[in-house]
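*Asks:* Let me begin by handing over the structure; questions about it come next.
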Amino acid sequence: MPILLLLLLQSCQYFEKQVPDEKELLDKELKEINWNEVDEYPSVADCEKLSDAAQRKQCFFEFLTATIQEKLAVDTLSTLFPKLDTIEVKVTVFPNATMQFEPQFPKDSVAYDTIKIDSILHTRLVDFPKVNPAIKRGIPVKTQFVLPVIIKQE
């Protein structure tokens with residue numbers, strides 16, 4: 001019996017598991033995360049009631065495009081720049097729910113007064129409804145995307 005007890009105690013050390021290194025676990029986890037995608041896209045209150053993520057994303061982009069078009073429709077962009085029918089706007093939603101808008105112009109864009117258009121955008125695109133930032137692994141993150149905004153509808 002004492003020999004059996006001795007063998008049993010001796011064999012316990014074979015079952016000890018190696019504790020993984022914290023840094024190795026972190027590195028492995030970081031490699032598995034897709035940093036180009038978010039878990040939840042930015043959203044507004046009207047879109048929150050939708051349960052499907054794709055529908056919520058579509059709702060947000062449609063809301064944002066319509067709101068930008070509505071705010072720019074009251075201005076003189078189409079009068080000042082009659083050839084300008086669509087403008088691409090880079091939208092940045094920050095983790096603190098603030099937003100930034102930047103017009104995107106082609107590199108050879110000498111036909112438009114880019115400074116004036118940028119100024120009009122910054123003046124008009126204020127007082128947006130509250131936008132909830134994108135979420136990645138439970139943390140609000142910064143997101144950027146480019147929206148084509150129709151200036152002139154015929």
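Every chain in the structure tokens takes a letter, A first, then B, and so on in the order presented; its residues are numbered from 1, and the ligands are numbered from 1 following the presented order.
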Give me the residues within 8 Å of Val149 (chain A) as a list of chain:residue names, counting only C-alpha atoms and dropping any in the same chain fewer than 5 places off.
*Replies:*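 The filter keeps A:Thr65, A:Ile68, A:Gln69, A:Thr86, A:Ile87, A:Glu88, A:Val89.
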*Asks:* Contacts of Glu37 (chain A) at 10 Å or less, counting only C-alpha atoms, minus same-chain residues fewer than 3 places along, as a PyMOL selection string?
*Replies:* chain A and resi 33-34+40-41+134-136+143
*Asks:* With distances taken over only C-alpha atoms, which residue among A:Leu125, A:Val131, A:Val141, A:Asp27 lies nearest Phe61 (chain A)?
*Replies:*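 Looking at the shortest contact to Phe61 (chain A), the residue is A:Val131.
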*Asks:* For Thr92 (chain A), work out the shell of residues within 10 Å, counting only C-alpha atoms and skipping chain neighbours fewer than 2 positions away, then give it as a list in words.
*Replies:*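 Final neighbour list, sorted by chain and number: Val89, Lys90, Phe94, Pro95, Ala97, Thr98, Met99, Gln100, Phe101, Glu102, Pro133, Lys142, Thr143, Gln144, Phe145 and Val146 of chain A.
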*Asks:* Which residue gives the smallest distance to Ile139 (chain A) among A:Val38, A:Leu30, A:Leu25, A:Leu50, with only C-alpha atoms counted?
*Replies:* A:Val38
*Asks:* Between CA of Gln55 (chain A) and CA of Glu29 (chain A), what is the distance, to one decimal in Å?
*Replies:* 29.2 Å
*Asks:* Can you work out the spacing between CA of Arg56 (chain A) and CA of Asp127 (chain A) in Å, to one decimal?
*Replies:* 21.9 Å
